[in-house]
file target-v5.txt (compact mmCIF, C-alpha atoms)
# COMPACT_ATOMS: atom_id res chain seq x y z
CA MET A 1 138.71 13.67 60.12
CA ALA A 2 137.76 12.43 63.56
CA GLU A 3 139.29 9.10 62.60
CA LEU A 4 142.57 10.75 61.72
CA THR A 5 142.83 12.58 65.04
CA ARG A 6 141.45 9.77 67.19
CA ARG A 7 144.80 8.76 68.65
CA ALA A 8 145.78 12.35 69.44
CA THR A 9 142.49 12.92 71.22
CA THR A 10 143.45 10.24 73.73
CA LEU A 11 145.98 12.77 75.09
CA ILE A 12 143.19 15.11 76.11
CA LYS A 13 141.13 12.25 77.52
CA GLU A 14 144.14 11.23 79.58
CA MET A 15 144.46 14.69 81.09
CA ILE A 16 140.75 14.86 81.90
CA ALA A 17 140.85 11.45 83.56
CA ALA A 18 143.86 12.47 85.64
CA ASP A 19 141.64 15.09 87.28
CA GLY A 20 144.23 17.61 88.33
CA LYS A 21 147.20 15.35 88.93
CA LEU A 22 150.00 15.19 86.38
CA PRO A 23 150.09 11.88 84.46
CA PRO A 24 153.34 10.78 82.78
CA TYR A 25 154.27 12.70 79.65
CA ASN A 26 152.94 10.67 76.74
CA GLU A 27 155.93 11.08 74.46
CA GLU A 28 154.88 8.37 72.03
CA VAL A 29 151.46 9.73 71.11
CA VAL A 30 152.78 13.28 70.88
CA ARG A 31 155.57 12.22 68.55
CA GLN A 32 153.17 10.24 66.41
CA ALA A 33 150.79 13.21 66.14
CA LEU A 34 153.65 15.48 65.09
CA GLN A 35 154.73 12.96 62.47
CA GLN A 36 151.18 12.91 61.17
CA THR A 37 151.26 16.67 60.66
CA GLN A 38 154.54 16.39 58.78
CA SER A 39 153.26 13.68 56.45
CA TYR A 40 149.99 15.51 55.79
CA ALA A 41 151.92 18.69 55.02
CA GLN A 42 154.01 16.69 52.56
CA ILE A 43 150.84 15.32 50.92
CA ILE A 44 149.47 18.85 50.59
CA GLN A 45 152.75 19.97 49.05
CA ASP A 46 152.64 17.10 46.54
CA LEU A 47 149.01 17.76 45.64
CA ILE A 48 149.67 21.45 45.07
CA GLN A 49 152.67 20.70 42.90
CA ALA A 50 150.74 18.10 40.90
CA ALA A 51 147.89 20.54 40.38
CA GLN A 52 150.30 23.25 39.27
CA ALA A 53 152.00 20.86 36.83
CA GLU A 54 148.60 19.86 35.49
CA GLN A 55 147.69 23.55 35.12
CA GLU A 56 150.86 24.30 33.16
CA LYS A 57 150.37 21.28 30.91
CA ARG A 58 146.86 22.41 30.01
CA GLN A 59 148.01 25.93 29.33
CA ARG A 60 150.67 24.65 26.97
CA GLN A 61 148.13 22.44 25.20
CA GLN A 62 145.76 25.35 24.72
CA GLN A 63 148.53 27.49 23.29
CA GLN A 64 149.43 24.75 20.85
CA GLY A 65 145.80 24.66 19.81
CA ASP A 66 145.27 21.03 20.74
CA GLY A 67 141.50 20.74 20.95
CA SER A 68 141.08 17.55 22.89
CA THR A 69 138.36 18.63 25.27
CA ASP A 70 138.01 15.21 26.90
CA GLU A 71 141.46 15.40 28.39
CA ALA A 72 140.80 18.91 29.62
CA ASP A 73 137.64 17.78 31.43
CA ALA A 74 139.44 14.87 33.05
CA GLY A 75 142.06 17.32 34.22
CA ASN A 76 139.42 19.52 35.84
CA ALA A 77 137.83 16.62 37.69
CA THR A 78 141.08 15.57 39.36
CA THR A 79 141.75 19.15 40.46
CA ALA A 80 138.40 19.32 42.25
CA GLU A 81 139.12 16.12 44.20
CA ASP A 82 142.57 17.30 45.02
CA ALA A 83 141.27 20.63 46.27
CA GLY A 84 138.95 18.75 48.65
CA ALA A 85 141.84 16.61 49.85
CA ILE A 86 144.02 19.64 50.45
CA ILE A 87 141.33 21.25 52.60
CA VAL A 88 140.79 18.09 54.65
CA TYR A 89 144.50 17.63 55.35
CA HIS A 90 144.94 21.32 56.15
CA GLU A 91 142.09 21.28 58.66
CA THR A 92 143.43 18.05 60.17
CA ILE A 93 146.83 19.62 60.70
CA LEU A 94 145.14 22.57 62.40
CA LYS A 95 143.12 20.25 64.59
CA LEU A 96 146.21 18.25 65.58
CA LYS A 97 148.00 21.51 66.37
CA ARG A 98 145.09 22.54 68.56
CA ILE A 99 145.00 19.18 70.35
CA LEU A 100 148.72 19.24 71.04
CA LEU A 101 148.72 22.84 72.24
CA ASN A 102 145.78 22.10 74.52
CA TYR A 103 147.55 19.03 75.92
CA MET A 104 150.61 21.14 76.70
CA ARG A 105 148.50 23.91 78.22
CA MET A 106 146.65 21.45 80.49
CA ARG A 107 149.98 20.09 81.72
CA ALA A 108 151.34 23.59 82.24
CA ASP A 109 148.24 24.44 84.28
CA CYS A 110 148.95 21.36 86.43
CA LEU A 111 152.47 22.56 87.06
CA ILE A 112 151.21 26.03 87.92
CA ARG A 113 148.85 24.49 90.48
CA VAL A 114 151.75 22.52 91.93
CA ARG A 115 153.75 25.72 92.31
CA TRP A 116 150.91 27.45 94.14
CA GLN A 117 150.05 24.57 96.44
CA GLN A 118 153.31 22.82 97.06
CA ARG A 119 155.90 25.45 96.15
CA MET A 120 158.39 22.95 94.75
CA LEU A 121 158.51 20.15 92.24
CA ARG A 122 158.53 17.04 94.37
CA ALA A 123 160.02 13.77 93.12
CA GLU A 124 156.71 12.04 92.45
CA VAL A 125 155.55 14.89 90.21
CA ALA A 126 158.94 15.57 88.65
CA GLU A 127 159.28 12.05 87.27
CA ASN A 128 156.17 12.59 85.15
CA THR A 129 157.46 15.75 83.47
CA SER A 130 159.31 16.11 80.21
CA PRO A 131 162.51 18.21 80.12
CA ALA A 132 160.61 21.10 78.53
CA GLU A 133 158.15 21.01 81.42
CA SER A 134 160.84 21.15 84.10
CA GLU A 135 162.27 24.12 82.25
CA PHE A 136 158.84 25.77 82.21
CA PHE A 137 158.40 25.15 85.92
CA LYS A 138 161.74 26.80 86.65
CA GLU A 139 160.92 29.83 84.52
CA TYR A 140 157.42 30.14 85.97
CA ASP A 141 158.82 29.88 89.48
CA LYS A 142 161.30 32.62 88.65
CA ALA A 143 158.64 34.90 87.17
CA LEU A 144 156.35 34.40 90.17
CA ASN A 145 159.15 34.95 92.68
CA GLU A 146 160.13 38.13 90.94
CA TYR A 147 156.56 39.37 91.04
CA MET A 148 156.10 38.55 94.70
CA GLY A 149 159.58 39.62 95.75
CA THR A 150 161.05 42.81 97.01
CA GLY A 151 162.90 43.87 93.88
CA GLU A 152 161.85 46.64 91.58
CA ASN A 153 159.25 44.47 89.95
CA GLY A 154 157.97 42.90 93.13
CA ILE A 155 155.06 43.66 95.39
CA GLY A 156 156.72 42.28 98.48
CA MET A 157 153.96 39.85 99.45
CA ASP A 158 153.70 36.08 99.29
CA LEU A 159 150.45 35.46 97.48
CA THR A 160 150.45 31.75 98.19
CA LEU A 161 149.59 32.45 101.83
CA ASP A 162 146.18 33.54 103.12
CA LEU A 163 144.24 31.50 100.61
CA THR A 164 141.04 31.28 102.62
CA PRO A 165 139.11 34.02 104.38
CA PRO A 166 140.07 33.81 108.03
CA LYS A 167 137.46 32.85 110.59
CA ASP A 168 139.65 32.78 113.62
CA ALA A 169 143.14 34.07 114.19
CA ASN A 170 144.28 30.94 116.00
CA VAL A 171 143.99 27.32 115.03
CA ARG A 172 144.42 24.11 116.95
CA VAL A 173 146.77 21.71 115.23
CA MET A 174 148.12 18.27 115.89
CA VAL A 175 151.64 17.38 114.90
CA LEU A 176 151.83 14.50 112.43
CA ARG A 177 155.55 13.99 112.42
CA ASP A 178 158.57 15.27 114.27
CA HIS A 179 159.76 18.55 112.95
CA GLY A 180 162.16 19.73 115.60
CA SER A 181 161.67 22.91 117.56
CA ILE A 182 160.27 26.05 115.97
CA THR A 183 159.98 29.51 117.44
CA PHE A 184 156.62 31.06 116.65
CA SER A 185 155.87 34.72 117.04
CA HIS A 186 153.71 34.61 120.13
CA SER A 187 155.57 32.19 122.34
CA ALA A 188 158.88 30.64 123.08
CA SER A 189 160.20 27.81 120.99
CA VAL A 190 157.72 25.00 120.54
CA PRO A 191 158.89 21.40 120.16
CA LEU A 192 156.93 19.76 117.35
CA VAL A 193 156.74 16.22 118.61
CA LYS A 194 154.45 13.76 116.90
CA GLY A 195 151.05 13.62 118.54
CA SER A 196 151.23 16.90 120.44
CA VAL A 197 148.50 19.51 120.10
CA HIS A 198 149.20 23.23 119.85
CA ASN A 199 147.42 26.54 119.44
CA LEU A 200 149.04 28.48 116.68
CA LYS A 201 148.37 31.56 114.59
CA CYS A 202 146.68 30.67 111.30
CA SER A 203 149.23 32.37 109.12
CA GLU A 204 152.14 30.48 110.60
CA ALA A 205 150.44 27.11 110.75
CA GLU A 206 149.30 27.32 107.12
CA HIS A 207 152.75 26.68 105.74
CA LEU A 208 153.35 23.62 107.90
CA VAL A 209 149.89 22.22 107.19
CA ARG A 210 150.65 22.50 103.51
CA LEU A 211 153.86 20.54 103.99
CA GLY A 212 151.97 17.84 105.85
CA VAL A 213 153.70 18.32 109.19
CA LEU A 214 150.59 19.57 111.02
CA GLN A 215 146.97 18.59 110.86
CA VAL A 216 144.16 21.04 111.59
CA LEU A 217 141.83 19.91 114.36
CA ASP A 218 139.27 22.71 114.43
CA PRO A 219 137.96 23.69 110.99
CA ASN A 220 138.31 27.33 111.88
CA CYS A 221 140.73 28.87 109.47
CA MET B 1 153.97 59.02 120.82
CA ASP B 2 154.26 61.01 117.67
CA PRO B 3 152.12 64.13 118.17
CA ASN B 4 151.18 64.14 114.49
CA ASP B 5 149.83 60.65 114.70
CA SER B 6 146.45 61.74 115.95
CA SER B 7 144.45 59.35 113.85
CA GLN B 8 145.52 56.38 115.92
CA ARG B 9 144.24 57.55 119.25
CA ASP B 10 140.94 59.04 120.26
CA GLN B 11 140.28 61.48 123.05
CA SER B 12 140.97 59.22 125.99
CA GLY B 13 144.31 58.14 124.60
CA GLN B 14 143.14 54.57 123.94
CA PRO B 15 144.21 53.15 120.58
CA SER B 16 141.24 53.16 118.25
CA THR B 17 140.31 50.47 115.79
CA SER B 18 139.91 52.94 112.97
CA GLY B 19 143.48 52.43 111.82
CA MET B 20 142.35 51.01 108.48
CA HIS B 21 139.56 53.45 107.74
CA HIS B 22 139.48 56.97 106.42
CA GLU B 23 135.81 57.67 106.87
CA TYR B 24 133.01 55.25 107.54
CA ALA B 25 130.50 54.44 104.83
CA THR B 26 127.10 56.00 105.17
CA GLN B 27 124.08 53.81 105.75
CA ASP B 28 123.22 53.32 102.11
CA GLY B 29 126.86 52.94 101.01
CA SER B 30 126.61 55.98 98.77
CA LEU B 31 129.69 56.94 96.83
CA ASP B 32 129.43 60.57 97.72
CA MET B 33 130.53 60.28 101.31
CA GLY B 34 133.55 58.17 100.41
CA CYS B 35 133.64 54.58 101.57
CA SER B 36 136.22 53.12 103.87
CA ASP B 37 139.21 51.54 102.23
CA PHE B 38 138.00 48.18 103.45
CA GLU B 39 134.74 48.62 101.57
CA LEU B 40 136.55 49.85 98.47
CA LEU B 41 138.93 46.91 98.56
CA LYS B 42 136.07 44.43 98.93
CA ARG B 43 134.28 46.07 96.02
CA ALA B 44 137.44 46.00 93.89
CA LEU B 45 137.87 42.31 94.65
CA LEU B 46 134.30 41.41 93.69
CA ASN B 47 134.44 43.50 90.53
CA GLU B 48 137.70 41.89 89.51
CA ARG B 49 136.39 38.39 90.23
CA MET B 50 133.14 38.80 88.32
CA ALA B 51 134.29 40.82 85.33
CA PRO B 52 135.35 38.78 82.30
CA GLU B 53 138.19 41.15 81.40
CA ILE B 54 140.90 42.62 83.56
CA LEU B 55 140.00 45.96 85.12
CA GLN B 56 142.11 49.03 85.78
CA TYR B 57 144.67 48.44 88.53
CA LYS B 58 143.71 50.37 91.64
CA GLU B 59 147.19 51.56 92.43
CA GLU B 60 146.38 54.20 95.04
CA LEU B 61 144.01 51.95 96.93
CA VAL B 62 146.56 49.12 97.08
CA GLU B 63 149.32 51.44 98.25
CA ARG B 64 147.10 52.92 100.96
CA VAL B 65 146.07 49.48 102.17
CA LYS B 66 149.65 48.25 102.25
CA ALA B 67 150.73 51.28 104.26
CA GLY B 68 147.81 50.76 106.63
CA LEU B 69 148.71 47.10 107.12
CA LYS B 70 152.27 48.02 107.99
CA ARG B 71 151.10 50.68 110.42
CA GLN B 72 148.80 48.25 112.13
CA GLU B 73 151.56 45.65 112.33
CA THR B 74 153.75 47.99 114.37
CA GLU B 75 150.78 48.95 116.52
CA ILE B 76 149.99 45.34 117.28
CA ASP B 77 153.61 44.60 118.10
CA ALA B 78 153.71 47.59 120.42
CA MET B 79 150.83 46.15 122.40
CA GLU B 80 152.56 42.81 122.77
CA GLY B 81 152.62 41.61 126.34
CA GLN B 82 150.43 44.38 127.74
CA ARG B 83 147.58 42.50 129.30
CA ASP B 84 145.21 45.47 129.37
CA TYR B 85 145.29 45.74 125.61
CA GLU B 86 145.03 42.02 124.92
CA LEU B 87 141.46 42.16 123.59
CA VAL B 88 142.16 45.20 121.44
CA ARG B 89 145.25 43.52 120.11
CA GLN B 90 143.25 40.44 119.13
CA VAL B 91 140.57 42.48 117.38
CA LEU B 92 143.16 44.45 115.45
CA SER B 93 144.90 41.22 114.59
CA TYR B 94 141.67 39.75 113.18
CA GLU B 95 141.08 42.86 111.14
CA GLN B 96 144.60 42.71 109.81
CA ASP B 97 144.11 39.09 108.69
CA ARG B 98 140.91 40.02 106.90
CA VAL B 99 142.39 42.97 105.09
CA ARG B 100 145.46 40.99 104.14
CA PHE B 101 143.23 38.26 102.73
CA LEU B 102 141.23 40.77 100.66
CA LEU B 103 144.34 42.38 99.26
CA LYS B 104 145.94 39.10 98.29
CA ALA B 105 142.70 37.77 96.82
CA TYR B 106 142.45 40.91 94.67
CA LEU B 107 145.97 40.48 93.35
CA ARG B 108 145.47 36.75 92.85
CA ALA B 109 142.29 37.29 90.81
CA ARG B 110 144.24 39.62 88.52
CA LEU B 111 147.13 37.18 88.18
CA GLU B 112 144.71 34.47 87.16
CA LYS B 113 143.33 36.66 84.38
CA ILE B 114 146.83 37.55 83.25
CA GLU B 115 147.77 33.88 83.02
CA GLN B 116 144.62 33.23 80.99
CA SER B 117 145.21 35.81 78.29
CA ALA B 118 148.76 37.14 78.67
CA GLY B 119 149.30 37.21 74.92
CA SER B 120 146.37 39.43 74.09
CA MET B 121 147.05 41.69 77.08
CA LEU B 122 150.58 42.37 75.96
CA ASP B 123 149.38 42.89 72.42
CA THR B 124 146.63 45.44 73.10
CA GLU B 125 147.70 48.90 74.26
CA ALA B 126 144.45 49.55 76.13
CA LEU B 127 144.72 46.32 78.13
CA ARG B 128 148.42 46.77 78.83
CA GLU B 129 147.71 50.08 80.51
CA ARG B 130 145.38 48.44 83.00
CA LEU B 131 148.19 46.41 84.52
CA SER B 132 150.54 47.64 87.20
CA LYS B 133 154.22 47.83 86.37
CA GLN B 134 154.91 44.60 88.25
CA GLU B 135 152.03 42.85 86.52
CA ARG B 136 153.31 43.92 83.11
CA SER B 137 156.72 42.48 83.86
CA TYR B 138 155.12 39.28 85.17
CA ALA B 139 152.89 39.01 82.11
CA SER B 140 155.83 39.17 79.72
CA SER B 141 157.93 36.67 81.72
CA PHE B 142 154.93 34.35 81.85
CA PHE B 143 154.25 34.69 78.14
CA VAL B 144 157.90 34.03 77.32
CA ALA B 145 158.01 30.96 79.58
CA MET B 146 154.79 29.57 78.11
CA GLY B 147 155.90 30.38 74.57
CA ARG B 148 159.25 28.70 75.01
CA TYR B 149 157.55 25.61 76.43
CA MET B 150 155.09 25.40 73.52
CA LYS B 151 157.83 25.94 70.98
CA SER B 152 160.16 23.29 72.29
CA SER B 153 157.49 20.66 72.84
CA VAL B 154 155.17 21.19 69.87
CA LEU B 155 155.67 24.10 67.53
CA ASN B 156 159.23 23.48 66.37
CA ASP B 157 158.23 20.02 65.16
CA LEU B 158 155.25 21.15 63.13
CA PRO B 159 155.44 21.75 59.37
CA PRO B 160 156.88 25.15 58.40
CA ASN B 161 153.68 27.10 57.79
CA TYR B 162 152.08 26.05 61.05
CA GLN B 163 154.76 26.95 63.56
CA SER B 164 153.41 30.25 64.80
CA LEU B 165 152.51 30.60 68.48
CA VAL B 166 149.84 33.20 67.84
CA LYS B 167 148.47 32.38 64.38
CA ARG B 168 146.86 29.15 63.33
CA TYR B 169 148.93 29.15 60.13
CA GLU B 170 150.92 31.62 58.07
CA GLY B 171 148.60 33.32 55.65
CA GLU B 172 145.86 33.99 58.16
CA ALA B 173 145.99 37.60 59.26
CA GLU B 174 144.45 37.48 62.74
CA LYS B 175 146.19 36.07 65.75
CA ARG B 176 143.50 33.51 66.40
CA LEU B 177 145.43 31.55 69.00
CA LEU B 178 145.52 34.39 71.52
CA ASP B 179 142.73 34.12 74.08
CA THR B 180 140.43 37.09 74.44
CA PRO B 181 137.79 37.23 77.17
CA ASP B 182 134.11 37.11 76.29
CA GLU B 183 132.70 40.53 77.11
CA ALA B 184 129.13 39.63 76.33
CA LYS B 185 128.82 37.43 79.39
CA TYR B 186 126.02 38.15 81.82
CA VAL B 187 126.90 39.44 85.28
CA PHE B 188 125.03 40.40 88.42
CA ALA B 189 125.30 44.08 89.14
CA ARG B 190 124.19 46.54 91.77
CA VAL B 191 123.75 50.19 90.91
CA LEU B 192 125.43 52.49 93.38
CA ASP B 193 124.51 55.77 91.77
CA ASP B 194 121.76 56.91 89.42
CA CYS B 195 122.91 56.33 85.87
CA GLY B 196 119.83 57.32 83.94
CA GLN B 197 119.22 55.74 80.60
CA VAL B 198 121.99 53.47 79.44
CA PRO B 199 122.25 52.12 75.86
CA ASP B 200 121.44 48.46 76.06
CA GLY B 201 120.38 46.92 72.79
CA PRO B 202 121.31 46.91 69.12
CA ASP B 203 118.31 49.02 68.15
CA GLY B 204 119.03 51.89 70.49
CA GLN B 205 117.05 50.38 73.34
CA THR B 206 118.01 51.75 76.70
CA ALA B 207 117.78 50.50 80.26
CA GLU B 208 117.20 52.72 83.21
CA LEU B 209 119.63 52.21 86.08
CA ARG B 210 118.62 53.72 89.38
CA ARG B 211 120.56 53.63 92.59
CA GLY B 212 119.82 50.48 94.58
CA ASP B 213 118.80 48.37 91.58
CA THR B 214 120.19 44.86 91.43
CA MET B 215 120.05 43.02 88.13
CA ALA B 216 121.56 40.44 85.81
CA ILE B 217 122.84 42.25 82.77
CA LYS B 218 125.28 41.90 79.92
CA TYR B 219 128.75 43.01 80.90
CA THR B 220 129.13 45.18 77.81
CA THR B 221 126.23 47.37 78.93
CA VAL B 222 127.71 48.23 82.31
CA LYS B 223 131.39 48.07 81.44
CA ALA B 224 132.00 51.81 81.49
CA LEU B 225 129.88 52.26 84.60
CA VAL B 226 131.89 49.69 86.55
CA GLU B 227 135.07 51.55 85.63
CA ALA B 228 133.55 54.79 86.82
CA GLY B 229 132.44 53.23 90.08
CA GLN B 230 128.74 53.83 89.53
CA VAL B 231 127.94 50.14 89.30
CA CYS B 232 129.53 47.27 91.16
CA LEU B 233 129.42 43.56 90.39
CA LEU B 234 128.25 40.87 92.79
call {"tool": "encode", "arguments": {"input": "target-v5.txt", "output": "structure tokens"}}
result
Amino acid sequence: MAELTRRATTLIKEMIAADGKLPPYNEEVVRQALQQTQSYAQIIQDLIQAAQAEQEKRQRQQQQGDGSTDEADAGNATTAEDAGAIIVYHETILKLKRILLNYMRMRADCLIRVRWQQRMLRAEVAENTSPAESEFFKEYDKALNEYMGTGENGIGMDLTLDLTPPKDANVRVMVLRDHGSITFSHSASVPLVKGSVHNLKCSEAEHLVRLGVLQVLDPNC
Amino acid sequence: MDPNDSSQRDQSGQPSTSGMHHEYATQDGSLDMGCSDFELLKRALLNERMAPEILQYKEELVERVKAGLKRQETEIDAMEGQRDYELVRQVLSYEQDRVRFLLKAYLRARLEKIEQSAGSMLDTEALRERLSKQERSYASSFFVAMGRYMKSSVLNDLPPNYQSLVKRYEGEAEKRLLDTPDEAKYVFARVLDDCGQVPDGPDGQTAELRRGDTMAIKYTTVKALVEAGQVCLL
């Protein structure tokens, strides 16, 4: 059975090797695995039908009083093999289902991480997603926004901020690229010119650090 | 100043730093005297992080903490620009950051558990009751989003008997594909209050839990005690 699912298992290996980043959606292997399940299901169907036909034939023979025991024994032997085959194919379908669902779940977890760390689906991540995944990202984003929002179902707090326990309220940052002029809460408007160093409150700097505009100089917060 | 707002100022009229606390914890952190909200929140966070299943939502505690945070925000803003209060303002500001972190970490830990086993939480009445109203709504939106994704990418293309999101195949009665947490996992626990003999083993063995004990123990043994607040996880 491992041989039958070998190609599908490469999906999982791919996700593990990607180590947190989202690799391109492997449409080909997924489609092939799904086709496998369909053909195995068909085989199972055929085997069951053949066994049933065999069963009926033997019943009719017994009713007619045909005492050819050799044929009956041969019939029994085939049914035992077929039963084994049915079980193997059934378990293989279940294993393929499990592999595929796990592959999808690992990718969904990646997207969830992207939402928490980067807030939006950037181009370099988006090009690796399938249409179903972009849809999932949108719906997850909506659910999370509703939970963190101010509506009836919201708690009114942005949980993606304050991810680390604070050591110091202020943090020294260096500006990595021009970002115009921003007014922070404790001072007048600050021009974010590349190369300048500022003292900012942790909570406000966090967002810009995440975007890549600022770089933290003191590992304080 | 609001004359009813006596908790914010002590005798000399200086703003006190006890804005977040109701009463201070006693030396040995005993339950009886009532711990500060800060202590309770920290305990709730640790319990939630270490327990394998989701615990009862501490609605009152969260509401109190949120109100306290808002109160302190206005207090800090009021002190803006007054040089005499600069140090006090900074200390209050640090405290506010810490409390805000604890609160968010608590809610985040719960969200993580919901995302892990949303299906079984929505399915089991007892678990559903442990979520707040907002968490329940989030859990169902999450489950729907995940379900739709699984259906459109995998399940709809599987053979007819195997298309269920929650069962392995039609004909099996249990919903094997829903994740349930492993309650038999071992956790570190500290006993806050004497619990006496607690049933511990399959043959009626008991363990004695005295206040101050710290131990590694199966979660199932202390589950009820954690809920009651007599034991906390580390």
call {"tool": "atom_distance", "arguments": {"input": "target-v5.txt", "atom1": "atom CA of A:Gln63", "atom2": "atom CA of A:Gln45"}}
result
27.2 Å
call {"tool": "closest_residue", "arguments": {"input": "target-v5.txt", "among": "A:Ser189, A:Asn102, A:Thr10, A:Gln118", "to": "chain B", "atoms": "only C-alpha atoms"}}
result
A:Asn102
call {"tool": "closest_residue", "arguments": {"input": "target-v5.txt", "among": "A:Arg7, A:Arg107, A:Lys13, A:Arg60", "to": "chain B", "atoms": "all atoms listed in the file"}}
result
A:Arg107
call {"tool": "atom_distance", "arguments": {"input": "target-v5.txt", "atom1": "atom CA of B:Met215", "atom2": "atom CA of B:Cys232"}}
result
10.8 Å
call {"tool": "closest_residue", "arguments": {"input": "target-v5.txt", "among": "B:Phe38, B:Phe143, B:Phe188, B:Tyr149", "to": "chain A", "atoms": "all atoms listed in the file"}}
result
B:Tyr149
call {"tool": "interface_residues", "arguments": {"input": "target-v5.txt", "of": "chain B", "to": "chain A", "cutoff": "9 Å", "atoms": "all atoms listed in the file", "output": "JSON, numbers by chain"}}
result
{"B": [80, 90, 93, 94, 97, 98, 100, 101, 102, 104, 105, 107, 108, 133, 134, 135, 137, 138, 139, 141, 142, 144, 145, 146, 148, 149, 150, 152, 153, 154, 155, 157, 158, 159, 160, 162, 168, 169]}
call {"tool": "atom_distance", "arguments": {"input": "target-v5.txt", "atom1": "atom CA of A:Val175", "atom2": "atom CA of A:Arg119"}}
result
20.9 Å
call {"tool": "residues_around", "arguments": {"input": "target-v5.txt", "residues": "B:Lys223", "least_positions_apart": "5", "cutoff": "10 Å", "atoms": "all atoms listed in the file", "output": "PyMOL selection string"}}
result
chain B and resi 51+53+55+183+218+228+231-232
call {"tool": "residues_around", "arguments": {"input": "target-v5.txt", "residues": "B:Arg64", "least_positions_apart": "3", "cutoff": "12 Å", "atoms": "only C-alpha atoms", "output": "PyMOL selection string"}}
result
chain B and resi 19-22+36-38+40-41+58-61+67-71+99+103
call {"tool": "write_last_selection", "arguments": {"input": "target-v5.txt", "atoms": "C-alpha atoms", "output": "tab-separated table (two decimals), in the frame of the given file"}}
result
chain	number	residue	atom	x	y	z
B	19	GLY	CA	143.48	52.43	111.82
B	20	MET	CA	142.35	51.01	108.48
B	21	HIS	CA	139.56	53.45	107.74
B	22	HIS	CA	139.48	56.97	106.42
B	36	SER	CA	136.22	53.12	103.87
B	37	ASP	CA	139.21	51.54	102.23
B	38	PHE	CA	138.00	48.18	103.45
B	40	LEU	CA	136.55	49.85	98.47
B	41	LEU	CA	138.93	46.91	98.56
B	58	LYS	CA	143.71	50.37	91.64
B	59	GLU	CA	147.19	51.56	92.43
B	60	GLU	CA	146.38	54.20	95.04
B	61	LEU	CA	144.01	51.95	96.93
B	67	ALA	CA	150.73	51.28	104.26
B	68	GLY	CA	147.81	50.76	106.63
B	69	LEU	CA	148.71	47.10	107.12
B	70	LYS	CA	152.27	48.02	107.99
B	71	ARG	CA	151.10	50.68	110.42
B	99	VAL	CA	142.39	42.97	105.09
B	103	LEU	CA	144.34	42.38	99.26
